[in-house]
>>> print(open('work10.txt').read())   # compact mmCIF, C-alpha atoms
# COMPACT_ATOMS: atom_id res chain seq x y z
CA MET A 12 90.79 -42.89 137.35
CA GLU A 13 89.29 -40.18 135.16
CA THR A 14 92.13 -37.75 135.61
CA ALA A 15 95.35 -38.41 133.77
CA LEU A 16 97.39 -37.53 136.85
CA LYS A 17 100.28 -39.93 136.28
CA GLU A 18 100.70 -38.84 132.67
CA ILE A 19 100.45 -35.16 133.59
CA HIS A 20 102.97 -35.64 136.40
CA SER A 21 105.33 -37.47 134.08
CA ILE A 22 105.25 -34.69 131.45
CA MET A 23 105.65 -32.05 134.16
CA ASN A 24 108.63 -33.94 135.58
CA ASP A 25 110.28 -34.29 132.18
CA GLU A 26 109.78 -30.63 131.32
CA HIS A 27 110.40 -29.31 134.85
CA ALA A 28 106.98 -27.67 134.85
CA VAL A 29 105.77 -26.50 138.26
CA LEU A 30 102.38 -25.07 137.34
CA VAL A 31 99.91 -25.82 134.58
CA TYR A 32 96.53 -24.19 134.13
CA SER A 33 94.22 -25.16 131.32
CA GLY A 34 90.80 -23.58 131.03
CA GLU A 35 89.06 -20.27 130.79
CA PHE A 36 91.18 -17.23 131.61
CA ASN A 37 89.72 -14.22 133.39
CA GLN A 38 90.99 -11.45 135.62
CA ASP A 39 90.67 -13.53 138.79
CA ILE A 40 92.61 -16.43 137.29
CA VAL A 41 95.35 -14.10 136.05
CA LYS A 42 95.59 -12.48 139.49
CA SER A 43 95.81 -15.84 141.22
CA MET A 44 98.53 -17.09 138.83
CA LEU A 45 100.55 -13.98 139.63
CA SER A 46 99.93 -14.31 143.34
CA TYR A 47 100.93 -17.97 143.31
CA THR A 48 104.10 -17.19 141.39
CA GLU A 49 104.89 -14.33 143.77
CA GLY A 50 104.65 -16.70 146.74
CA LYS A 51 106.88 -19.18 144.97
CA LEU A 52 109.48 -16.57 144.03
CA ASP A 53 109.46 -15.07 147.52
CA SER A 54 110.17 -18.44 149.06
CA SER A 55 113.09 -19.02 146.69
CA GLY A 56 114.70 -15.68 147.61
CA ILE A 57 115.02 -14.54 144.03
CA ASP A 58 116.34 -11.07 143.11
CA ASN A 59 113.62 -8.39 143.01
CA LEU A 60 114.59 -7.27 139.54
CA VAL A 61 114.22 -10.79 138.18
CA LYS A 62 110.92 -11.11 140.00
CA LYS A 63 109.71 -7.91 138.36
CA LYS A 64 110.75 -9.20 134.94
CA ILE A 65 108.95 -12.49 135.46
CA PHE A 66 105.84 -10.63 136.55
CA ASN A 67 105.87 -8.27 133.58
CA VAL A 68 106.33 -11.10 131.12
CA MET A 69 103.64 -13.19 132.78
CA VAL A 70 101.19 -10.29 132.69
CA GLU A 71 101.88 -9.72 129.02
CA GLN A 72 101.44 -13.37 128.09
CA LEU A 73 98.43 -13.95 130.32
CA GLN A 74 96.71 -10.88 128.88
CA ASN A 75 97.46 -12.21 125.45
CA ILE A 76 95.81 -15.56 126.22
CA THR A 77 92.83 -13.84 127.81
CA LYS A 78 92.27 -11.84 124.60
CA HIS A 79 92.73 -14.77 122.23
CA GLN A 80 91.17 -17.66 124.13
CA TYR A 81 87.86 -17.97 122.34
CA VAL A 82 87.30 -20.01 119.21
CA ASP A 83 84.17 -19.88 117.08
CA GLY A 84 82.28 -23.08 116.41
CA GLU A 85 85.16 -25.40 117.24
CA ASP A 86 85.76 -28.31 119.58
CA SER A 87 85.36 -26.95 123.12
CA THR A 88 88.16 -29.18 124.43
CA ILE A 89 90.71 -26.90 122.79
CA GLN A 90 91.63 -24.71 125.73
CA PRO A 91 94.21 -22.03 126.33
CA CYS A 92 97.01 -23.14 128.59
CA PHE A 93 99.64 -21.60 130.85
CA VAL A 94 102.78 -23.46 131.94
CA LEU A 95 105.47 -22.24 134.31
CA ILE A 96 108.78 -24.07 134.06
CA GLU A 97 111.58 -23.76 136.58
CA GLU A 98 115.12 -24.67 135.62
CA ASP A 99 118.26 -24.08 137.69
CA THR A 100 119.19 -20.82 135.99
CA TYR A 101 115.99 -19.59 134.39
CA TYR A 102 112.21 -19.71 134.25
CA ASN A 103 110.25 -20.46 131.10
CA ILE A 104 106.82 -18.95 130.72
CA VAL A 105 104.85 -20.90 128.16
CA THR A 106 101.39 -20.14 126.86
CA GLY A 107 99.23 -21.94 124.38
CA ASN A 108 96.07 -20.84 122.65
CA PRO A 109 94.11 -21.54 119.49
CA ILE A 110 94.95 -19.18 116.65
CA LYS A 111 93.15 -18.54 113.37
CA ILE A 112 95.07 -20.06 110.50
CA ASP A 113 94.77 -16.88 108.44
CA THR A 114 96.65 -14.87 111.11
CA ILE A 115 99.57 -17.29 111.45
CA ASP A 116 101.73 -15.60 108.79
CA MET A 117 101.30 -12.20 110.41
CA VAL A 118 102.16 -13.51 113.89
CA SER A 119 105.18 -15.45 112.62
CA GLU A 120 106.48 -12.40 110.75
CA ARG A 121 106.13 -10.23 113.84
CA ILE A 122 107.97 -12.67 116.08
CA ASP A 123 110.68 -13.34 113.50
CA LYS A 124 111.21 -9.61 113.09
CA VAL A 125 111.50 -9.19 116.89
CA ASN A 126 113.93 -12.13 117.10
CA SER A 127 116.13 -10.65 114.37
CA LEU A 128 116.81 -7.42 116.28
CA ASP A 129 119.31 -6.45 118.96
CA ALA A 130 118.46 -4.22 121.94
CA PRO A 131 118.72 -0.84 120.13
CA GLY A 132 116.79 -2.30 117.19
CA LEU A 133 114.02 -3.48 119.52
CA LYS A 134 113.89 -0.07 121.17
CA ALA A 135 113.47 1.62 117.79
CA LEU A 136 110.85 -0.92 116.68
CA TYR A 137 108.94 -0.42 119.93
CA LYS A 138 108.85 3.36 119.38
CA GLU A 139 107.74 2.93 115.80
CA ALA A 140 105.09 0.37 116.71
CA ARG A 141 103.71 2.61 119.43
CA LEU A 142 103.43 5.54 117.08
CA ASN A 143 101.75 3.50 114.36
CA SER A 144 99.67 1.16 116.49
CA ARG A 145 95.94 0.99 116.34
CA ILE A 146 94.35 -1.31 118.84
CA SER A 147 92.14 -3.80 117.07
CA ASP A 148 89.12 -5.54 118.58
CA VAL A 149 91.15 -8.57 119.59
CA GLY A 150 94.43 -7.14 120.72
CA GLY A 151 97.37 -4.95 120.11
CA ALA A 152 99.76 -4.40 117.29
CA GLY A 153 102.55 -6.80 118.23
CA LEU A 154 103.80 -4.46 120.94
CA GLY A 155 103.56 -7.31 123.42
CA PHE A 156 106.13 -9.42 121.57
CA ILE A 157 108.57 -6.49 121.42
CA ASP A 158 108.02 -5.69 125.07
CA VAL A 159 108.60 -9.29 126.17
CA ALA A 160 111.76 -9.60 124.05
CA ARG A 161 113.11 -6.35 125.51
CA LYS A 162 112.39 -7.38 129.08
CA THR A 163 113.76 -10.92 128.85
CA GLU A 164 116.68 -10.10 126.51
CA ASN A 165 116.07 -13.56 125.03
CA LYS A 166 114.59 -14.77 121.76
CA LEU A 167 110.96 -15.80 121.65
CA ASP A 168 110.32 -19.43 120.84
CA TYR A 169 107.06 -20.32 119.10
CA SER A 170 105.29 -23.15 117.28
CA PHE A 171 101.96 -23.91 115.67
CA TYR A 172 100.38 -27.34 116.08
CA ASP A 173 97.68 -28.99 114.07
CA ILE A 174 94.43 -29.47 116.01
CA ASN A 175 92.17 -31.13 113.45
CA SER A 176 90.50 -27.90 112.51
CA ASP A 177 90.13 -26.15 109.15
CA ASN A 178 90.25 -22.74 110.77
CA TYR A 179 92.55 -22.96 113.79
CA LYS A 180 95.94 -24.20 114.90
CA TYR A 181 97.40 -24.25 118.40
CA PHE A 182 99.93 -21.49 119.00
CA THR A 183 102.56 -21.92 121.72
CA LEU A 184 104.89 -19.15 122.84
CA LYS A 185 107.81 -19.65 125.19
CA THR A 186 109.82 -16.91 126.81
CA GLN A 187 112.83 -17.37 129.02
CA VAL A 188 113.65 -15.17 132.01
CA ASN A 189 117.11 -15.70 133.44
CA LYS A 190 117.40 -15.97 137.22
CA ILE A 191 120.71 -14.17 137.25
CA ILE A 192 121.12 -10.73 135.72
CA GLU A 193 124.43 -10.27 133.96
CA MET B 20 106.81 -27.15 123.12
CA GLU B 21 104.51 -29.93 122.06
CA TYR B 22 104.16 -30.75 125.76
CA THR B 23 102.00 -27.62 126.18
CA TYR B 24 99.50 -28.92 123.67
CA LYS B 25 99.74 -32.43 125.13
CA LEU B 26 99.13 -31.13 128.65
CA GLN B 27 96.14 -29.03 127.66
CA ASN B 28 94.77 -31.95 125.69
CA LEU B 29 95.12 -34.38 128.58
CA MET B 30 93.75 -31.89 131.06
CA SER B 31 90.78 -30.67 129.08
CA LYS B 32 89.73 -34.22 128.17
CA SER B 33 89.55 -35.17 131.84
CA ASN B 34 88.27 -31.75 132.99
CA ASP B 35 91.45 -31.02 134.92
CA LEU B 36 91.91 -27.31 135.38
CA LEU B 37 95.06 -26.97 137.34
CA ALA B 38 98.15 -29.00 138.11
CA ILE B 39 100.80 -27.98 140.62
CA ARG B 40 103.99 -30.01 140.89
CA ASP B 41 106.14 -29.30 143.91
CA ASN B 42 107.50 -30.76 147.11
CA PHE B 43 105.06 -28.43 148.92
CA GLU B 44 107.65 -27.82 151.62
CA SER B 45 107.78 -24.06 151.29
CA LEU B 46 104.47 -23.45 149.61
CA LEU B 47 101.74 -22.04 151.75
CA SER B 48 98.39 -23.74 151.49
CA LYS B 49 96.98 -20.23 151.15
CA SER B 50 98.79 -19.56 147.88
CA VAL B 51 97.72 -22.91 146.48
CA PHE B 52 94.17 -22.23 147.54
CA SER B 53 94.11 -18.70 146.08
CA ILE B 54 94.54 -20.22 142.67
CA VAL B 55 91.88 -22.88 143.35
CA GLU B 56 89.51 -20.26 144.74
CA SER B 57 89.74 -18.03 141.69
CA GLN B 58 88.50 -20.94 139.62
CA MET B 59 85.59 -21.62 141.96
CA ASN B 60 84.43 -18.01 142.13
CA SER B 61 82.91 -18.16 138.69
CA ASN B 62 80.92 -21.27 139.50
CA ASN B 63 78.58 -19.97 142.22
CA LEU B 64 79.66 -22.51 144.78
CA GLU B 65 78.16 -22.32 148.24
CA VAL B 66 80.49 -21.02 150.92
CA SER B 67 80.27 -24.32 152.79
CA VAL B 68 81.45 -26.22 149.69
CA LYS B 69 84.35 -23.79 149.23
CA ASN B 70 85.30 -24.27 152.88
CA ARG B 71 85.29 -28.04 152.45
CA ILE B 72 87.49 -27.76 149.38
CA PHE B 73 89.83 -25.40 151.21
CA SER B 74 90.17 -27.79 154.16
CA VAL B 75 90.92 -30.72 151.87
CA VAL B 76 93.52 -28.71 149.91
CA VAL B 77 95.18 -27.68 153.20
CA GLU B 78 95.33 -31.27 154.45
CA CYS B 79 96.65 -32.51 151.11
CA VAL B 80 99.35 -29.85 150.87
CA GLN B 81 100.43 -29.96 154.51
CA ASN B 82 100.14 -33.62 155.39
CA ILE B 83 100.03 -35.76 152.26
CA CYS B 84 102.09 -34.02 149.54
CA SER B 85 104.62 -32.56 151.91
CA ASN B 86 107.00 -35.11 153.36
CA ASP B 87 110.68 -35.34 154.04
CA VAL B 88 111.05 -39.10 153.82
CA VAL B 89 111.82 -39.04 150.11
CA ASP B 90 114.27 -36.46 148.73
CA ALA B 91 112.75 -33.17 149.92
CA THR B 92 114.52 -31.12 147.27
CA SER B 93 112.83 -32.82 144.34
CA LYS B 94 109.30 -32.03 143.30
CA ASN B 95 107.75 -35.41 144.00
CA SER B 96 104.17 -34.42 144.57
CA ILE B 97 101.37 -33.19 142.41
CA LEU B 98 98.01 -31.62 143.13
CA VAL B 99 95.35 -31.52 140.43
CA LEU B 100 92.01 -29.74 140.55
CA ASN B 101 89.34 -31.43 138.49
CA LYS B 102 85.98 -29.84 137.65
CA GLU B 103 82.97 -32.12 137.84
CA GLU B 104 79.33 -31.54 136.99
CA ASN B 105 78.30 -31.17 140.61
CA GLY B 106 81.46 -29.97 142.30
CA TYR B 107 85.19 -30.52 142.23
CA LYS B 108 87.64 -33.33 142.62
CA ILE B 109 91.02 -32.81 144.23
CA VAL B 110 93.56 -35.39 143.17
CA VAL B 111 96.92 -35.67 144.88
CA GLY B 112 99.86 -37.83 144.05
CA THR B 113 103.00 -38.23 146.09
CA LYS B 114 106.09 -40.39 146.09
CA LEU B 115 106.55 -42.51 149.22
CA ASN B 116 109.21 -44.75 150.65
CA ASN B 117 108.12 -48.19 151.83
CA GLU B 118 107.81 -47.19 155.46
CA ARG B 119 105.40 -44.36 154.70
CA LYS B 120 103.57 -46.45 152.16
CA ASP B 121 102.87 -49.16 154.74
CA ARG B 122 101.77 -46.58 157.28
CA LEU B 123 99.46 -44.69 154.90
CA SER B 124 98.10 -47.86 153.37
CA SER B 125 97.11 -49.18 156.76
CA LEU B 126 95.66 -45.80 157.82
CA LEU B 127 93.64 -45.44 154.61
CA ASN B 128 92.30 -48.98 154.90
CA GLU B 129 91.38 -48.46 158.54
CA ILE B 130 89.75 -45.03 158.08
CA SER B 131 87.79 -46.02 154.99
CA SER B 132 86.27 -48.92 156.93
CA LEU B 133 84.96 -46.70 159.76
CA SER B 134 81.44 -45.33 160.06
CA THR B 135 80.80 -41.61 160.56
CA GLU B 136 80.37 -42.15 164.31
CA GLU B 137 83.57 -44.17 164.54
CA LEU B 138 85.44 -41.47 162.62
CA LYS B 139 84.20 -38.87 165.11
CA LEU B 140 85.38 -40.94 168.04
CA LYS B 141 88.78 -41.54 166.48
CA LYS B 142 89.18 -37.85 165.73
CA LYS B 143 88.22 -36.96 169.29
CA GLU B 144 90.72 -39.45 170.65
CA LEU B 145 93.54 -38.06 168.47
CA PHE B 146 92.53 -34.47 169.18
CA SER B 147 92.80 -34.94 172.93
CA SER B 148 96.55 -35.45 172.55
CA ARG B 149 97.13 -33.21 169.53
CA GLU B 150 100.12 -31.41 171.04
CA GLU B 151 102.20 -34.56 170.98
CA LEU B 152 101.10 -36.24 167.76
CA ASP B 153 103.59 -38.24 165.75
CA ALA B 154 103.72 -38.21 161.91
CA GLY B 155 101.31 -41.13 161.60
CA GLN B 156 98.77 -39.54 163.93
CA LYS B 157 98.95 -36.25 162.05
CA GLU B 158 98.33 -38.12 158.80
CA SER B 159 95.51 -39.98 160.48
CA LEU B 160 93.83 -36.71 161.52
CA ALA B 161 94.31 -35.31 158.02
CA LEU B 162 92.76 -38.37 156.40
CA ILE B 163 89.81 -38.38 158.81
CA ASP B 164 89.18 -34.75 157.95
CA MET B 165 89.35 -35.53 154.24
CA PHE B 166 86.90 -38.43 154.62
CA ASN B 167 84.51 -36.23 156.64
CA ARG B 168 84.67 -33.26 154.27
CA SER B 169 84.05 -35.44 151.23
CA ALA B 170 81.40 -37.60 152.92
CA GLY B 171 83.60 -40.61 152.21
CA HIS B 172 83.95 -39.94 148.49
CA ILE B 173 87.59 -40.91 148.40
CA LYS B 174 89.45 -43.32 146.16
CA TYR B 175 93.09 -44.21 146.59
CA TYR B 176 95.69 -46.51 145.19
CA PHE B 177 99.41 -47.16 145.32
CA GLU B 178 101.63 -47.77 142.32
CA SER B 179 104.97 -49.39 142.88
CA GLU B 180 107.83 -47.45 141.24
CA ASN B 181 110.74 -49.65 142.33
CA SER B 182 111.78 -51.74 145.33
CA GLU B 183 112.13 -48.64 147.50
CA ASN B 184 109.42 -46.23 146.39
CA SER B 185 105.74 -46.11 145.51
CA PHE B 186 103.40 -43.45 144.25
CA LEU B 187 100.19 -42.81 146.14
CA ILE B 188 97.21 -41.26 144.39
CA ILE B 189 94.19 -40.03 146.34
CA GLU B 190 91.05 -38.64 144.72
CA ILE B 191 88.75 -36.60 146.93
CA GLN B 192 85.38 -35.63 145.54
CA ILE B 193 83.55 -32.62 146.96
CA THR B 194 80.03 -32.15 145.68
CA ASN B 195 77.48 -29.39 146.09
CA ASN B 196 75.17 -31.66 148.12
>>> encode(input="work10.txt", output="structure tokens")
Amino acid sequence: METALKEIHSIMNDEHAVLVYSGEFNQDIVKSMLSYTEGKLDSSGIDNLVKKKIFNVMVEQLQNITKHQYVDGEDSTIQPCFVLIEEDTYYNIVTGNPIKIDTIDMVSERIDKVNSLDAPGLKALYKEARLNSRISDVGGAGLGFIDVARKTENKLDYSFYDINSDNYKYFTLKTQVNKIIE
Amino acid sequence: MEYTYKLQNLMSKSNDLLAIRDNFESLLSKSVFSIVESQMNSNNLEVSVKNRIFSVVVECVQNICSNDVVDATSKNSILVLNKEENGYKIVVGTKLNNERKDRLSSLLNEISSLSTEELKLKKKELFSSREELDAGQKESLALIDMFNRSAGHIKYYFESENSENSFLIIEIQITNN
């Protein structure tokens, strides 16, 4: 068997993952991920507000992967990845993509800053970031992280993994959306 | 979160694009296919090939992955879409109890031994009484359709999990030709 189905199934079982996509991301793929998730949420009778939150966070993270999916002159087997995890009381939205080593400090600082703030602090940071932001050629100014943290009201979890490259690491970002709104 | 990197590594090495783990009880084939279709759109596949893939996905989701003989609340089935040079491979895995394993094993052995003409006749025979088909006959029709759509490019095997359950894996290859 060429596919590693049993191994994939075993990891998905252990992590409670219900959907994994690994490959090129484009508008059609993003739309289909959202549509699939919508069908899944509809069938589980989840609250509309939670559904909206999940959607917003997914859009933000999927857009992020779409912008940062390409690597220059590296092993083509390093692909961006999207994982949807369903637990009893929350969903985890996990994305992975290669990231340039020289941007790791900046990304870590931005996420750490976001994680250190409470709701009013995030609101103020969002305002400030919007006023000062200049959209670069590869993405925004960290607004996405602030937005996701505000919507989920949970901390962002992230890691960088070594991928045998002098220029890139693999960046994973996990956000948690609670099924029940307090 | 190392699993994310592990999953992408495993999947990209074997050209797997998509993995859905579910019991497929409440999932519509349409929503599964919408995600498969979006992947195929960028690969200039002929409509007839897309239709064959769609039919196989429908049969897999409705008749192979979805079953209530093992705990229906747990997500015991998986569907993987694999990109090949000349088409796609759909790989499904599902947990079975011994009764279903024996039934599917015998059906798969029987159907894989039939010629195209014999498959047609068997399908016709089952179709004539399709309003009162039992579970085995529905599975039989689904498997015949999968063999026809893939021109017989099907591999399958069972792995024993314990004395009560097995895991069935079926690979269905759909090529551009």
>>> residues_around(input="work10.txt", residues="Gly106 in chain B", least_positions_apart="3", cutoff="10 Å", atoms="only C-alpha atoms", output="JSON, numbers by chain")
{"B": [59, 62, 64, 68, 69, 72, 101, 102, 103, 192, 193, 194, 195, 196]}
>>> interface_residues(input="work10.txt", of="chain A", to="chain B", cutoff="9 Å", atoms="only C-alpha atoms", output="PyMOL selection string")
chain A and resi 12-20+22-24+26-35+39-44+46-48+50-51+54-55+87-94+105-108+168-170+172+181-185
>>> atom_distance(input="work10.txt", atom1="CA of Tyr137 in chain A", atom2="CA of Leu154 in chain A")
6.6 Å
>>> residues_near_point(input="work10.txt", point="(117.5, -14.9, 137.8)", cutoff="9 Å", atoms="all atoms listed in the file", output="list in words")
Ile57, Asp58, Leu60, Val61, Lys62, Thr100, Tyr101, Tyr102, Val188, Asn189, Lys190, Ile191 and Ile192 of chain A
>>> residues_around(input="work10.txt", residues="Ser134 in chain B", least_positions_apart="5", cutoff="10 Å", atoms="all atoms listed in the file", output="ChimeraX atom specification")
/B:139-140,171
>>> atom_distance(input="work10.txt", atom1="CA of Ser169 in chain B", atom2="CA of Glu137 in chain B")
15.9 Å
>>> residues_around(input="work10.txt", residues="range 121-134 of chain A", least_positions_apart="2", cutoff="8 Å", atoms="only C-alpha atoms", output="list in words")
Met117, Val118, Ser119, Leu136, Tyr137, Lys138, Gly153, Phe156, Ile157, Ala160, Arg161, Glu164, Lys166 and Leu167 of chain A
>>> atom_distance(input="work10.txt", atom1="CA of Ala170 in chain B", atom2="CA of Glu150 in chain B")
26.8 Å
>>> build_atoms(input="work10.txt", residues="range 135-150 of chain B", atoms="N, CA and C atoms", output="PDB file, in the coordinates of the input")
ATOM      1  N   THR B 135      80.690 -43.028 160.196  1.00  0.00           N
ATOM      2  CA  THR B 135      80.800 -41.610 160.560  1.00  0.00           C
ATOM      3  C   THR B 135      81.008 -41.454 162.076  1.00  0.00           C
ATOM      4  N   GLU B 136      80.264 -42.227 162.844  1.00  0.00           N
ATOM      5  CA  GLU B 136      80.370 -42.150 164.310  1.00  0.00           C
ATOM      6  C   GLU B 136      81.762 -42.593 164.775  1.00  0.00           C
ATOM      7  N   GLU B 137      82.238 -43.653 164.166  1.00  0.00           N
ATOM      8  CA  GLU B 137      83.570 -44.170 164.540  1.00  0.00           C
ATOM      9  C   GLU B 137      84.675 -43.174 164.169  1.00  0.00           C
ATOM     10  N   LEU B 138      84.460 -42.494 163.031  1.00  0.00           N
ATOM     11  CA  LEU B 138      85.440 -41.470 162.620  1.00  0.00           C
ATOM     12  C   LEU B 138      85.483 -40.330 163.632  1.00  0.00           C
ATOM     13  N   LYS B 139      84.284 -39.951 164.109  1.00  0.00           N
ATOM     14  CA  LYS B 139      84.200 -38.870 165.110  1.00  0.00           C
ATOM     15  C   LYS B 139      84.956 -39.249 166.371  1.00  0.00           C
ATOM     16  N   LEU B 140      84.732 -40.478 166.811  1.00  0.00           N
ATOM     17  CA  LEU B 140      85.380 -40.940 168.040  1.00  0.00           C
ATOM     18  C   LEU B 140      86.896 -40.981 167.882  1.00  0.00           C
ATOM     19  N   LYS B 141      87.329 -41.451 166.722  1.00  0.00           N
ATOM     20  CA  LYS B 141      88.780 -41.540 166.480  1.00  0.00           C
ATOM     21  C   LYS B 141      89.408 -40.148 166.442  1.00  0.00           C
ATOM     22  N   LYS B 142      88.684 -39.228 165.811  1.00  0.00           N
ATOM     23  CA  LYS B 142      89.180 -37.850 165.730  1.00  0.00           C
ATOM     24  C   LYS B 142      89.292 -37.247 167.131  1.00  0.00           C
ATOM     25  N   LYS B 143      88.254 -37.494 167.927  1.00  0.00           N
ATOM     26  CA  LYS B 143      88.220 -36.960 169.290  1.00  0.00           C
ATOM     27  C   LYS B 143      89.406 -37.493 170.097  1.00  0.00           C
ATOM     28  N   GLU B 144      89.636 -38.776 169.924  1.00  0.00           N
ATOM     29  CA  GLU B 144      90.720 -39.450 170.650  1.00  0.00           C
ATOM     30  C   GLU B 144      92.086 -38.847 170.262  1.00  0.00           C
ATOM     31  N   LEU B 145      92.273 -38.632 168.938  1.00  0.00           N
ATOM     32  CA  LEU B 145      93.540 -38.060 168.470  1.00  0.00           C
ATOM     33  C   LEU B 145      93.668 -36.602 168.894  1.00  0.00           C
ATOM     34  N   PHE B 146      92.531 -35.904 168.850  1.00  0.00           N
ATOM     35  CA  PHE B 146      92.530 -34.470 169.180  1.00  0.00           C
ATOM     36  C   PHE B 146      92.896 -34.214 170.636  1.00  0.00           C
ATOM     37  N   SER B 147      92.533 -35.145 171.498  1.00  0.00           N
ATOM     38  CA  SER B 147      92.800 -34.940 172.930  1.00  0.00           C
ATOM     39  C   SER B 147      94.306 -34.900 173.210  1.00  0.00           C
ATOM     40  N   SER B 148      95.100 -35.496 172.322  1.00  0.00           N
ATOM     41  CA  SER B 148      96.550 -35.450 172.550  1.00  0.00           C
ATOM     42  C   SER B 148      97.267 -34.785 171.381  1.00  0.00           C
ATOM     43  N   ARG B 149      96.599 -33.768 170.785  1.00  0.00           N
ATOM     44  CA  ARG B 149      97.130 -33.210 169.530  1.00  0.00           C
ATOM     45  C   ARG B 149      98.460 -32.482 169.666  1.00  0.00           C
ATOM     46  N   GLU B 150      98.838 -32.117 170.891  1.00  0.00           N
ATOM     47  CA  GLU B 150     100.120 -31.410 171.040  1.00  0.00           C
ATOM     48  C   GLU B 150     101.322 -32.344 170.924  1.00  0.00           C
TER      49      GLU B 150
END
